[in-house]
>>> print(open('target.txt').read())   # compact mmCIF, C-alpha atoms
# COMPACT_ATOMS: atom_id res chain seq x y z
CA MET U 255 10.30 16.56 -5.65
CA ARG U 256 7.80 14.78 -3.40
CA SER U 257 9.07 14.29 0.17
CA PHE U 258 7.68 12.07 2.90
CA ILE U 259 8.73 12.11 6.55
CA ILE U 260 7.62 9.11 8.61
CA ILE U 261 8.19 9.06 12.35
CA GLY U 262 8.95 5.71 13.97
CA HIS U 263 8.50 6.33 17.67
CA LYS U 264 9.85 2.93 18.72
CA ALA U 265 12.06 2.22 15.70
CA ALA U 266 15.44 0.74 16.63
CA THR U 267 18.49 3.01 16.41
CA GLU U 268 21.09 0.27 16.21
CA PRO U 269 21.36 -2.69 13.80
CA PHE U 270 18.46 -5.10 14.38
CA SER U 271 17.34 -8.60 13.42
CA LEU U 272 15.68 -8.78 10.00
CA ASN U 273 13.54 -11.65 11.32
CA ASP U 274 11.61 -9.57 13.86
CA LEU U 275 10.83 -6.17 12.32
CA PRO U 276 7.55 -5.59 14.25
CA GLY U 277 8.97 -6.69 17.61
CA SER U 278 12.56 -6.07 18.62
CA ALA U 279 13.11 -3.62 15.74
CA GLY U 280 10.24 -1.42 17.06
CA ARG U 281 7.63 -1.60 14.28
CA MET U 282 10.32 -1.15 11.66
CA ASP U 283 7.91 -3.02 9.33
CA ILE U 284 5.75 0.11 9.17
CA LEU U 285 8.66 2.25 8.02
CA CYS U 286 9.70 -0.37 5.45
CA ARG U 287 6.21 -0.44 3.93
CA CYS U 288 6.28 3.37 3.76
CA VAL U 289 9.57 3.20 1.82
CA ASN U 290 7.88 0.78 -0.60
CA ALA U 291 4.72 2.89 -0.98
CA ALA U 292 6.71 6.08 -1.51
CA LEU U 293 9.28 4.78 -3.99
CA PHE U 294 7.84 1.95 -6.07
CA LEU U 295 6.00 2.00 -9.36
CA SER U 296 5.06 -1.25 -11.09
CA HIS U 297 8.37 -1.83 -12.83
CA ASP U 298 10.25 1.28 -11.85
CA LEU U 299 11.18 3.58 -8.99
CA ARG U 300 9.77 7.04 -8.42
CA ARG U 301 12.92 9.06 -9.02
CA ASP U 302 11.40 12.34 -7.83
CA VAL U 303 10.74 11.14 -4.27
CA ARG U 304 12.69 11.40 -1.02
CA VAL U 305 11.69 9.45 2.07
CA TYR U 306 12.91 10.44 5.53
CA LEU U 307 12.54 7.97 8.40
CA ILE U 308 12.91 9.45 11.88
CA LEU U 309 13.93 6.69 14.26
CA LYS U 310 13.13 7.46 17.89
CA GLY U 311 13.51 4.07 19.56
CA ASP U 312 16.30 2.72 21.80
CA PRO U 313 19.19 2.73 22.27
CA ASP U 314 20.48 5.89 20.58
CA PRO U 315 17.71 8.21 19.31
CA PRO U 316 17.05 10.28 17.36
CA LYS U 317 18.44 9.35 13.95
CA ILE U 318 17.18 10.14 10.45
CA ILE U 319 17.57 7.88 7.44
CA ARG U 320 16.97 9.24 3.95
CA PHE U 321 16.08 7.23 0.83
CA ASP U 322 16.59 9.24 -2.34
CA GLY U 323 14.64 7.80 -5.28
CA ALA U 324 17.04 9.41 -7.76
CA ASP U 325 20.05 7.46 -6.52
CA VAL U 326 18.83 4.43 -4.60
CA ARG U 327 19.97 0.98 -5.72
CA TYR U 328 19.76 -2.54 -4.29
CA LEU U 329 16.22 -1.84 -3.08
CA SER U 330 13.47 -4.39 -3.75
CA PRO U 331 9.80 -3.98 -2.83
CA ASP U 332 9.79 -6.43 0.08
CA GLU U 333 9.99 -5.20 3.67
CA ARG U 334 13.15 -7.14 4.36
CA SER U 335 15.00 -5.36 1.53
CA ALA U 336 14.28 -1.86 2.87
CA ALA U 337 15.03 -3.12 6.40
CA SER U 338 18.38 -4.44 5.26
CA LEU U 339 19.36 -1.00 3.90
CA ILE U 340 18.17 0.69 7.12
CA ARG U 341 20.17 -1.76 9.20
CA LYS U 342 23.27 -1.09 7.13
CA ALA U 343 22.84 2.68 7.63
CA LEU U 344 22.52 2.16 11.38
CA GLY U 345 25.93 0.47 11.33
CA LYS U 346 27.52 3.79 10.23
CA LYS U 347 28.98 6.41 12.56
CA VAL U 348 26.22 9.00 12.90
CA GLN U 349 27.03 12.69 12.69
CA ASP U 350 25.11 15.97 12.46
CA PHE U 351 25.29 15.86 8.66
CA TRP U 352 24.32 13.26 6.06
CA THR U 353 26.60 10.26 5.57
CA GLU U 354 25.81 7.92 2.66
CA SER U 355 25.77 4.25 3.69
CA MET U 356 24.67 2.82 0.33
CA PRO U 357 23.78 4.49 -3.01
CA GLY U 358 20.78 6.73 -2.29
CA VAL U 359 20.62 5.88 1.43
CA SER U 360 22.01 8.31 4.01
CA ILE U 361 21.90 8.79 7.77
CA ARG U 362 22.33 11.71 10.16
CA ARG U 363 21.71 12.54 13.79
CA GLY U 364 18.53 14.60 14.23
CA ASP U 365 14.85 14.83 15.00
CA LEU U 366 11.80 16.29 13.31
CA GLY U 367 12.76 19.86 14.26
CA ASN U 368 16.23 19.52 12.71
CA LEU U 369 14.81 18.04 9.53
CA LEU U 370 12.02 20.60 9.03
CA GLY U 371 14.60 23.33 9.65
CA GLU U 372 16.87 21.82 6.98
CA LEU U 373 14.09 21.39 4.42
CA GLY U 374 12.32 24.71 5.08
CA SER U 375 9.14 23.69 3.21
CA LYS U 376 5.46 23.99 3.93
CA VAL U 377 4.32 20.87 5.77
CA THR U 378 1.29 18.72 4.94
CA CYS U 379 0.02 16.46 7.73
CA LEU U 380 -2.65 13.79 7.58
CA ARG U 381 -5.50 13.52 10.01
CA GLU U 382 -8.99 12.05 9.77
CA ASP U 383 -10.56 15.48 10.35
CA GLY U 384 -8.33 17.30 7.84
CA VAL U 385 -9.51 18.82 4.57
CA ASP U 386 -10.41 16.06 2.11
CA ILE U 387 -7.89 16.17 -0.75
CA ARG U 388 -10.77 15.62 -3.18
CA SER U 389 -13.08 18.26 -1.74
CA GLU U 390 -14.09 21.29 -3.71
CA GLY U 391 -12.54 23.63 -1.15
CA PHE U 392 -9.09 22.01 -1.30
CA LYS U 393 -6.62 23.92 -3.45
CA GLY U 394 -4.62 20.85 -4.44
CA ILE U 395 -1.35 19.42 -3.21
CA SER U 396 1.65 21.67 -3.82
CA MET U 397 4.10 20.77 -6.59
CA GLU U 398 6.90 20.21 -4.06
CA PRO U 399 5.00 18.69 -1.15
CA LEU U 400 6.48 17.66 2.17
CA PHE U 401 4.27 15.19 4.04
CA VAL U 402 4.69 14.22 7.68
CA LEU U 403 3.13 10.92 8.79
CA GLY U 404 3.19 9.05 12.06
CA ASP U 405 3.54 5.33 12.68
CA HIS U 406 0.97 3.31 14.66
CA LEU U 407 1.26 5.92 17.44
CA GLY U 408 0.39 8.90 15.23
CA LEU U 409 2.10 12.21 16.07
CA THR U 410 2.91 13.27 19.63
CA GLU U 411 1.89 16.66 21.05
CA ASP U 412 5.52 17.77 20.85
CA GLU U 413 5.72 16.81 17.18
CA GLU U 414 2.48 18.67 16.41
CA LYS U 415 3.92 21.71 18.21
CA THR U 416 7.10 21.51 16.12
CA ILE U 417 5.03 21.37 12.93
CA LYS U 418 3.00 24.41 14.03
CA GLY U 419 6.24 26.41 13.84
CA TYR U 420 6.09 25.99 10.05
CA GLU U 421 3.55 26.85 7.40
CA HIS U 422 1.36 23.77 7.37
CA GLU U 423 -1.96 22.27 6.37
CA ILE U 424 -3.88 19.23 7.57
CA VAL U 425 -5.51 17.00 4.99
CA SER U 426 -7.48 13.77 4.87
CA VAL U 427 -7.31 11.05 2.22
CA GLY U 428 -10.70 9.48 2.88
CA PRO U 429 -13.40 8.54 5.35
CA VAL U 430 -11.62 5.73 7.21
CA SER U 431 -8.41 5.71 9.22
CA LEU U 432 -5.57 4.00 7.35
CA HIS U 433 -1.98 2.90 7.82
CA ALA U 434 0.68 5.43 6.83
CA ASP U 435 1.82 3.44 3.78
CA HIS U 436 -1.75 3.24 2.45
CA CYS U 437 -2.04 7.03 2.87
CA ILE U 438 1.14 7.47 0.84
CA VAL U 439 -0.33 5.39 -2.01
CA LEU U 440 -3.43 7.61 -2.04
CA LEU U 441 -1.41 10.84 -1.95
CA HIS U 442 0.76 9.66 -4.85
CA ASN U 443 -2.34 8.74 -6.87
CA GLU U 444 -3.82 12.19 -6.33
CA MET U 445 -0.56 13.84 -7.41
CA ASP U 446 -0.14 11.48 -10.38
CA ARG U 447 -3.66 12.34 -11.52
CA THR U 448 -2.98 16.06 -11.21
CA ALA U 449 0.29 15.68 -13.13
CA HIS U 450 -1.52 13.76 -15.89
CA GLY U 451 -4.57 16.01 -15.99
CA GLN U 452 -6.84 13.39 -14.40
CA GLY U 453 -7.37 15.20 -11.10
CA ASN U 454 -10.65 15.89 -9.42
CA ILE U 455 -12.87 16.60 -12.41
CA PHE U 456 -15.15 18.82 -10.42
CA ARG U 457 -12.24 20.93 -9.16
CA THR U 458 -10.89 21.32 -12.68
CA GLN U 459 -14.30 22.38 -13.92
CA HIS U 460 -14.62 24.81 -11.06
CA ILE U 461 -11.28 26.41 -11.87
CA MET U 462 -12.19 26.66 -15.55
CA ARG U 463 -15.45 28.41 -14.70
CA ALA U 464 -13.66 30.85 -12.45
CA ARG U 465 -11.47 32.09 -15.29
CA MET L 339 -18.49 -8.38 0.68
CA ARG L 340 -15.43 -7.14 -1.24
CA SER L 341 -13.39 -9.97 -2.78
CA PHE L 342 -9.89 -9.86 -4.23
CA ILE L 343 -8.21 -12.63 -6.20
CA ILE L 344 -4.46 -12.28 -6.66
CA ILE L 345 -2.57 -14.67 -8.90
CA GLY L 346 0.96 -15.64 -7.89
CA HIS L 347 2.42 -17.27 -10.98
CA LYS L 348 5.62 -18.39 -9.27
CA ALA L 349 4.32 -18.60 -5.69
CA ALA L 350 5.52 -21.69 -3.82
CA THR L 351 3.01 -24.50 -3.29
CA GLU L 352 4.81 -26.16 -0.40
CA PRO L 353 6.02 -24.68 2.92
CA PHE L 354 8.82 -22.16 2.26
CA SER L 355 11.45 -20.17 4.14
CA LEU L 356 10.09 -16.97 5.72
CA ASN L 357 13.51 -15.39 5.19
CA ASP L 358 13.37 -15.40 1.38
CA LEU L 359 9.85 -14.48 0.30
CA PRO L 360 10.86 -12.81 -3.01
CA GLY L 361 13.30 -15.56 -4.01
CA SER L 362 12.74 -19.22 -3.19
CA ALA L 363 9.09 -18.58 -2.18
CA GLY L 364 8.37 -17.19 -5.69
CA ARG L 365 7.50 -13.53 -5.04
CA MET L 366 5.34 -14.53 -2.08
CA ASP L 367 6.11 -10.99 -0.76
CA ILE L 368 3.72 -9.58 -3.38
CA LEU L 369 0.86 -11.78 -2.19
CA CYS L 370 1.59 -10.92 1.46
CA ARG L 371 1.42 -7.20 0.73
CA CYS L 372 -1.88 -7.76 -1.07
CA VAL L 373 -3.27 -9.50 2.03
CA ASN L 374 -2.21 -6.46 4.07
CA ALA L 375 -3.68 -3.91 1.63
CA ALA L 376 -6.96 -5.82 1.38
CA LEU L 377 -7.53 -6.52 5.07
CA PHE L 378 -5.98 -3.78 7.21
CA LEU L 379 -7.43 -0.55 8.50
CA SER L 380 -5.44 1.64 10.87
CA HIS L 381 -6.36 -0.18 14.07
CA ASP L 382 -8.77 -2.76 12.77
CA LEU L 383 -9.39 -5.37 10.10
CA ARG L 384 -11.80 -5.02 7.20
CA ARG L 385 -14.31 -7.69 8.20
CA ASP L 386 -16.23 -7.53 4.91
CA VAL L 387 -13.27 -8.62 2.75
CA ARG L 388 -12.12 -11.97 1.38
CA VAL L 389 -8.73 -12.41 -0.26
CA TYR L 390 -7.98 -15.38 -2.51
CA LEU L 391 -4.37 -16.15 -3.39
CA ILE L 392 -3.89 -18.47 -6.36
CA LEU L 393 -0.50 -20.14 -6.03
CA LYS L 394 0.85 -21.44 -9.34
CA GLY L 395 4.51 -22.10 -8.54
CA ASP L 396 6.36 -25.37 -7.95
CA PRO L 397 6.15 -28.07 -6.80
CA ASP L 398 2.40 -28.79 -6.60
CA PRO L 399 0.24 -26.14 -8.34
CA PRO L 400 -2.42 -24.90 -8.41
CA LYS L 401 -3.60 -24.18 -4.87
CA ILE L 402 -5.87 -21.46 -3.53
CA ILE L 403 -5.58 -19.88 -0.10
CA ARG L 404 -8.43 -17.80 1.28
CA PHE L 405 -8.18 -15.12 4.00
CA ASP L 406 -11.59 -14.23 5.40
CA GLY L 407 -11.60 -10.86 7.18
CA ALA L 408 -14.60 -11.86 9.28
CA ASP L 409 -12.79 -14.73 10.97
CA VAL L 410 -9.05 -14.20 10.58
CA ARG L 411 -6.90 -14.04 13.71
CA TYR L 412 -3.17 -14.06 14.43
CA LEU L 413 -2.57 -11.79 11.41
CA SER L 414 -0.34 -8.73 11.76
CA PRO L 415 0.35 -6.18 9.03
CA ASP L 416 3.93 -7.28 8.29
CA GLU L 417 4.70 -9.50 5.30
CA ARG L 418 6.20 -12.22 7.46
CA SER L 419 2.96 -12.58 9.43
CA ALA L 420 0.81 -13.23 6.36
CA ALA L 421 3.58 -15.47 4.97
CA SER L 422 3.58 -17.50 8.14
CA LEU L 423 -0.18 -18.17 7.81
CA ILE L 424 0.24 -19.08 4.13
CA ARG L 425 3.06 -21.46 5.00
CA LYS L 426 0.94 -23.12 7.66
CA ALA L 427 -1.92 -23.60 5.16
CA LEU L 428 0.52 -25.18 2.69
CA GLY L 429 1.36 -27.77 5.34
CA LYS L 430 -2.23 -29.08 5.19
CA LYS L 431 -3.49 -31.91 3.00
CA VAL L 432 -5.06 -30.15 0.01
CA GLN L 433 -8.41 -31.32 -1.32
CA ASP L 434 -11.00 -30.09 -3.84
CA PHE L 435 -12.90 -28.27 -1.09
CA TRP L 436 -11.89 -25.70 1.55
CA THR L 437 -9.96 -26.89 4.61
CA GLU L 438 -9.36 -24.37 7.39
CA SER L 439 -5.74 -24.29 8.56
CA MET L 440 -6.08 -21.41 11.05
CA PRO L 441 -9.05 -19.21 11.99
CA GLY L 442 -10.10 -17.40 8.81
CA VAL L 443 -7.45 -19.04 6.62
CA SER L 444 -8.40 -21.94 4.32
CA ILE L 445 -6.85 -23.84 1.43
CA ARG L 446 -8.14 -25.90 -1.48
CA ARG L 447 -6.89 -27.36 -4.73
CA GLY L 448 -7.91 -25.25 -7.72
CA ASP L 449 -7.11 -22.57 -10.27
CA LEU L 450 -8.74 -19.35 -11.43
CA GLY L 451 -11.41 -21.21 -13.41
CA ASN L 452 -12.47 -23.29 -10.39
CA LEU L 453 -12.62 -20.22 -8.18
CA LEU L 454 -14.60 -18.03 -10.58
CA GLY L 455 -17.00 -20.94 -11.09
CA GLU L 456 -17.45 -21.24 -7.34
CA LEU L 457 -17.97 -17.51 -6.77
CA GLY L 458 -20.14 -16.88 -9.83
CA SER L 459 -19.76 -13.08 -9.66
CA LYS L 460 -19.07 -10.40 -12.20
CA VAL L 461 -15.31 -9.90 -12.44
CA THR L 462 -13.45 -6.58 -12.33
CA CYS L 463 -9.91 -6.60 -13.74
CA LEU L 464 -7.32 -3.85 -13.64
CA ARG L 465 -5.40 -2.65 -16.65
CA GLU L 466 -3.73 0.65 -17.52
CA ASP L 467 -6.07 1.13 -20.49
CA GLY L 468 -9.25 0.26 -18.55
CA VAL L 469 -12.03 2.70 -17.70
CA ASP L 470 -10.83 5.16 -15.07
CA ILE L 471 -12.79 4.48 -11.85
CA ARG L 472 -13.12 8.24 -11.40
CA SER L 473 -14.26 9.02 -14.94
CA GLU L 474 -17.68 10.40 -15.69
CA GLY L 475 -18.57 7.40 -17.83
CA PHE L 476 -17.82 4.84 -15.11
CA LYS L 477 -20.89 3.55 -13.35
CA GLY L 478 -19.14 2.88 -10.06
CA ILE L 479 -17.82 -0.27 -8.47
CA SER L 480 -20.49 -2.84 -7.66
CA MET L 481 -21.54 -3.32 -4.03
CA GLU L 482 -20.22 -6.91 -4.05
CA PRO L 483 -17.13 -6.57 -6.23
CA LEU L 484 -14.78 -9.36 -7.22
CA PHE L 485 -11.40 -8.06 -8.38
CA VAL L 486 -8.77 -10.15 -10.16
CA LEU L 487 -5.19 -8.88 -10.03
CA GLY L 488 -1.94 -10.33 -11.28
CA ASP L 489 1.45 -10.35 -9.61
CA HIS L 490 4.60 -8.89 -11.26
CA LEU L 491 3.78 -10.96 -14.35
CA GLY L 492 0.25 -9.57 -14.81
CA LEU L 493 -2.36 -11.94 -16.22
CA THR L 494 -1.55 -14.64 -18.79
CA GLU L 495 -3.52 -15.04 -22.03
CA ASP L 496 -5.12 -18.17 -20.59
CA GLU L 497 -6.24 -16.30 -17.48
CA GLU L 498 -7.69 -13.48 -19.57
CA LYS L 499 -9.55 -16.09 -21.63
CA THR L 500 -10.96 -17.65 -18.44
CA ILE L 501 -12.16 -14.24 -17.26
CA LYS L 502 -13.83 -13.59 -20.62
CA GLY L 503 -16.12 -16.54 -19.84
CA TYR L 504 -17.69 -14.40 -17.11
CA GLU L 505 -19.40 -11.02 -17.06
CA HIS L 506 -16.47 -8.68 -16.57
CA GLU L 507 -15.20 -5.14 -16.82
CA ILE L 508 -11.71 -3.65 -17.07
CA VAL L 509 -10.91 -0.61 -14.98
CA SER L 510 -7.94 1.63 -14.27
CA VAL L 511 -7.04 3.28 -10.96
CA GLY L 512 -4.83 6.04 -12.35
CA PRO L 513 -2.36 7.20 -14.94
CA VAL L 514 0.70 5.19 -13.87
CA SER L 515 1.25 1.45 -13.59
CA LEU L 516 1.28 0.29 -9.96
CA HIS L 517 1.89 -2.81 -7.85
CA ALA L 518 -1.17 -4.96 -7.12
CA ASP L 519 -1.22 -4.01 -3.41
CA HIS L 520 -1.19 -0.29 -4.25
CA CYS L 521 -4.12 -0.86 -6.63
CA ILE L 522 -6.05 -2.57 -3.81
CA VAL L 523 -5.53 0.47 -1.56
CA LEU L 524 -6.92 2.75 -4.28
CA LEU L 525 -9.92 0.49 -4.94
CA HIS L 526 -10.77 0.34 -1.23
CA ASN L 527 -10.54 4.13 -0.98
CA GLU L 528 -12.93 4.57 -3.88
CA MET L 529 -15.40 2.12 -2.32
CA ASP L 530 -14.99 3.66 1.16
CA ARG L 531 -15.75 7.07 -0.31
CA THR L 532 -18.84 5.76 -2.09
CA ALA L 533 -20.02 4.04 1.10
CA HIS L 534 -19.55 7.29 3.05
CA GLY L 535 -21.02 9.57 0.38
CA GLN L 536 -17.63 11.07 -0.53
CA GLY L 537 -17.39 9.55 -4.01
CA ASN L 538 -16.55 11.35 -7.20
CA ILE L 539 -18.33 14.65 -6.72
CA PHE L 540 -18.78 15.17 -10.42
CA ARG L 541 -20.37 11.76 -10.88
CA THR L 542 -22.75 12.39 -8.00
CA GLN L 543 -23.73 15.74 -9.51
CA HIS L 544 -24.22 14.12 -12.91
CA ILE L 545 -26.55 11.49 -11.43
CA MET L 546 -28.51 14.15 -9.58
CA ARG L 547 -28.92 16.15 -12.76
CA ALA L 548 -30.08 13.06 -14.66
CA ARG L 549 -33.00 12.50 -12.29
>>> encode(input="target.txt", output="structure tokens")
Amino acid sequence: MRSFIIIGHKAATEPFSLNDLPGSAGRMDILCRCVNAALFLSHDLRRDVRVYLILKGDPDPPKIIRFDGADVRYLSPDERSAASLIRKALGKKVQDFWTESMPGVSIRRGDLGNLLGELGSKVTCLREDGVDIRSEGFKGISMEPLFVLGDHLGLTEDEEKTIKGYEHEIVSVGPVSLHADHCIVLLHNEMDRTAHGQGNIFRTQHIMRAR
Amino acid sequence: MRSFIIIGHKAATEPFSLNDLPGSAGRMDILCRCVNAALFLSHDLRRDVRVYLILKGDPDPPKIIRFDGADVRYLSPDERSAASLIRKALGKKVQDFWTESMPGVSIRRGDLGNLLGELGSKVTCLREDGVDIRSEGFKGISMEPLFVLGDHLGLTEDEEKTIKGYEHEIVSVGPVSLHADHCIVLLHNEMDRTAHGQGNIFRTQHIMRAR
């Protein structure tokens, strides 16, 4: 299972207009593109992926929406499609446990701390000065990774502090600063290559020599 | 300059509704995501990129819309923003030469053959069975690359035939089949790494040894 948490610091926590995702919905467009990048293959869905969106905007934060690639239906690649499923979830009564609003889409009350506590995994964060995922020194992404990514505002000090309470590592996907959804594409590619034996050739060689 | 041509086989060739990009606008959502992937950095635009969208849908094909990263304004990362600029361009009278509809956005009559003739560059296509851009045998992406990508329908036989009239190569970005916009993210990352000296470590080593 590959898991991605994306934090939407301004993302609306009540049903919103599908015609203004960047504005009144609080940069919901970013979260929708992350859902696309995390779940879509060319003509298929990535069934082994879960995406968690933490919505921290007005009027009723925080809420978490989960997309489960194994079960999700009625999801198309366009932003509006993901937004429509998020909006539907926000119409549900929110409780301290998961409630399914549509197949593969669930919602609960909670913030990053609640979610990391529930998942109990090592956390991988992205930052420009992190360890390059293609560098010789990097040990490779774990088989069951849990990534935490910020929206256009990155991660707050409080969120970084929360993450420090868990085993964690900080990685970089390249030399220039990118949108969260582009980072997800690059992380998937690295994991796909590892899974198919096309990972960093140098690293593979290095490991073979070490044996 | 990095150039990307994306072919929208069903993409509308007259102004369309922004509320139904996948449907009545003929999978215009795909082209909009490609504009995003090609042009956006985290808090900046890629100024050295041009994106060409070839629109082949009803009612008046073919038309080409160009986004020029050096000049484009009023473009946000969301699909609707790119779609709005495309729609505005489609409202212009279309001629056999470029007409600017908004800063950095232009339109002309033409198909893939016209465009490749105008650009006169070596073409790089993507296909699952192409040469892996990270493989030892691959010589690296050219400094002034021109990529041609298809939408959900790939490239037609006619389009492949047109490309064969030019110097071309066929590459692959990884082991699984991906959407065009995800491929663009991976191509940019590879070129960014090369530009910043973080390319395929093995290839670099190999070149050093060969000297």
>>> closest_residue(input="target.txt", among="U:His263, U:Lys393, U:Arg287, U:Arg300", to="Ser515 (chain L)", atoms="all atoms listed in the file")
U:Arg300
>>> interface_residues(input="target.txt", of="chain U", to="chain L", cutoff="6 Å", atoms="only C-alpha atoms", output="compact mmCIF listing (two decimals) with C-alpha atoms, in the frame of the given file")
# COMPACT_ATOMS: atom_id res chain seq x y z
CA ASP U 283 7.91 -3.02 9.33
CA LEU U 295 6.00 2.00 -9.36
CA SER U 296 5.06 -1.25 -11.09
CA ASP U 332 9.79 -6.43 0.08
CA SER U 431 -8.41 5.71 9.22
CA LEU U 432 -5.57 4.00 7.35
CA HIS U 433 -1.98 2.90 7.82
CA PHE U 456 -15.15 18.82 -10.42
>>> atom_distance(input="target.txt", atom1="CA of Asp322 (chain U)", atom2="CA of Glu354 (chain U)")
10.6 Å
>>> atom_distance(input="target.txt", atom1="CA of Asp396 (chain L)", atom2="CA of Gly492 (chain L)")
18.3 Å
>>> atom_distance(input="target.txt", atom1="CA of Arg256 (chain U)", atom2="CA of Asp314 (chain U)")
28.5 Å
>>> residues_around(input="target.txt", residues="Leu409 (chain U)", least_positions_apart="2", cutoff="10 Å", atoms="all atoms listed in the file", output="MDAnalysis selection string")
chainID U and resid 260:263 379:381 402:407 411:415
>>> write_last_selection(input="target.txt", atoms="C-alpha atoms", output="JSON list (two decimals), in the coordinates of the input")
[["chain", "number", "residue", "atom", "x", "y", "z"],
["U", 260, "ILE", "CA", 7.62, 9.11, 8.61],
["U", 261, "ILE", "CA", 8.19, 9.06, 12.35],
["U", 262, "GLY", "CA", 8.95, 5.71, 13.97],
["U", 263, "HIS", "CA", 8.50, 6.33, 17.67],
["U", 379, "CYS", "CA", 0.02, 16.46, 7.73],
["U", 380, "LEU", "CA", -2.65, 13.79, 7.58],
["U", 381, "ARG", "CA", -5.50, 13.52, 10.01],
["U", 402, "VAL", "CA", 4.69, 14.22, 7.68],
["U", 403, "LEU", "CA", 3.13, 10.92, 8.79],
["U", 404, "GLY", "CA", 3.19, 9.05, 12.06],
["U", 405, "ASP", "CA", 3.54, 5.33, 12.68],
["U", 406, "HIS", "CA", 0.97, 3.31, 14.66],
["U", 407, "LEU", "CA", 1.26, 5.92, 17.44],
["U", 411, "GLU", "CA", 1.89, 16.66, 21.05],
["U", 412, "ASP", "CA", 5.52, 17.77, 20.85],
["U", 413, "GLU", "CA", 5.72, 16.81, 17.18],
["U", 414, "GLU", "CA", 2.48, 18.67, 16.41],
["U", 415, "LYS", "CA", 3.92, 21.71, 18.21]]
>>> closest_residue(input="target.txt", among="L:Thr494, L:Thr462, L:Asn452, L:Thr351", to="Arg425 (chain L)", atoms="all atoms listed in the file")
L:Thr351
>>> closest_residue(input="target.txt", among="L:Ala349, L:Ala427, L:Met339, L:Val410", to="Gly442 (chain L)", atoms="only C-alpha atoms")
L:Val410
>>> axis_aligned_box(input="target.txt", around="region 286-296 of chain U", padding_each_side="4 Å", output="lines of an AutoDock Vina configuration file")
center_x = 7.2
center_y = 2.4
center_z = -2.8
size_x = 13.0
size_y = 15.3
size_z = 24.5
>>> closest_residue(input="target.txt", among="L:Val469, L:Ala363, L:Leu450, L:Ile479", to="Ser422 (chain L)", atoms="only C-alpha atoms")
L:Ala363
>>> decode(input="target.txt", residues="region 396-408 of chain U", atoms="N, CA and C atoms", output="mmCIF file, in the first residue's frame")
data_model
loop_
_atom_site.group_PDB
_atom_site.id
_atom_site.type_symbol
_atom_site.label_atom_id
_atom_site.label_comp_id
_atom_site.auth_asym_id
_atom_site.auth_seq_id
_atom_site.Cartn_x
_atom_site.Cartn_y
_atom_site.Cartn_z
ATOM 1 N N SER U 396 10.368 2.973 1.226
ATOM 2 C CA SER U 396 9.893 1.737 1.861
ATOM 3 C C SER U 396 8.786 1.105 1.022
ATOM 4 N N MET U 397 8.500 -0.148 1.260
ATOM 5 C CA MET U 397 7.487 -0.865 0.480
ATOM 6 C C MET U 397 6.071 -0.395 0.823
ATOM 7 N N GLU U 398 5.901 0.152 2.017
ATOM 8 C CA GLU U 398 4.588 0.624 2.459
ATOM 9 C C GLU U 398 4.715 2.088 2.868
ATOM 10 N N PRO U 399 5.052 2.955 1.924
ATOM 11 C CA PRO U 399 5.380 4.333 2.291
ATOM 12 C C PRO U 399 4.154 5.162 2.673
ATOM 13 N N LEU U 400 4.394 6.125 3.531
ATOM 14 C CA LEU U 400 3.374 7.105 3.896
ATOM 15 C C LEU U 400 3.984 8.492 3.690
ATOM 16 N N PHE U 401 3.548 9.171 2.652
ATOM 17 C CA PHE U 401 4.086 10.493 2.321
ATOM 18 C C PHE U 401 3.183 11.585 2.876
ATOM 19 N N VAL U 402 3.795 12.652 3.370
ATOM 20 C CA VAL U 402 3.028 13.833 3.781
ATOM 21 C C VAL U 402 3.473 15.020 2.937
ATOM 22 N N LEU U 403 2.515 15.642 2.264
ATOM 23 C CA LEU U 403 2.820 16.792 1.391
ATOM 24 C C LEU U 403 1.933 17.969 1.752
ATOM 25 N N GLY U 404 2.477 19.164 1.595
ATOM 26 C CA GLY U 404 1.691 20.361 1.841
ATOM 27 C C GLY U 404 1.088 20.900 0.563
ATOM 28 N N ASP U 405 0.175 21.842 0.693
ATOM 29 C CA ASP U 405 -0.357 22.527 -0.487
ATOM 30 C C ASP U 405 0.567 23.688 -0.840
ATOM 31 N N HIS U 406 0.025 24.763 -1.394
ATOM 32 C CA HIS U 406 0.853 25.909 -1.787
ATOM 33 C C HIS U 406 1.519 26.574 -0.585
ATOM 34 N N LEU U 407 1.046 26.255 0.637
ATOM 35 C CA LEU U 407 1.617 26.874 1.838
ATOM 36 C C LEU U 407 2.636 25.960 2.523
ATOM 37 N N GLY U 408 2.926 24.815 1.934
ATOM 38 C CA GLY U 408 3.897 23.902 2.534
ATOM 39 C C GLY U 408 3.370 23.297 3.827
#
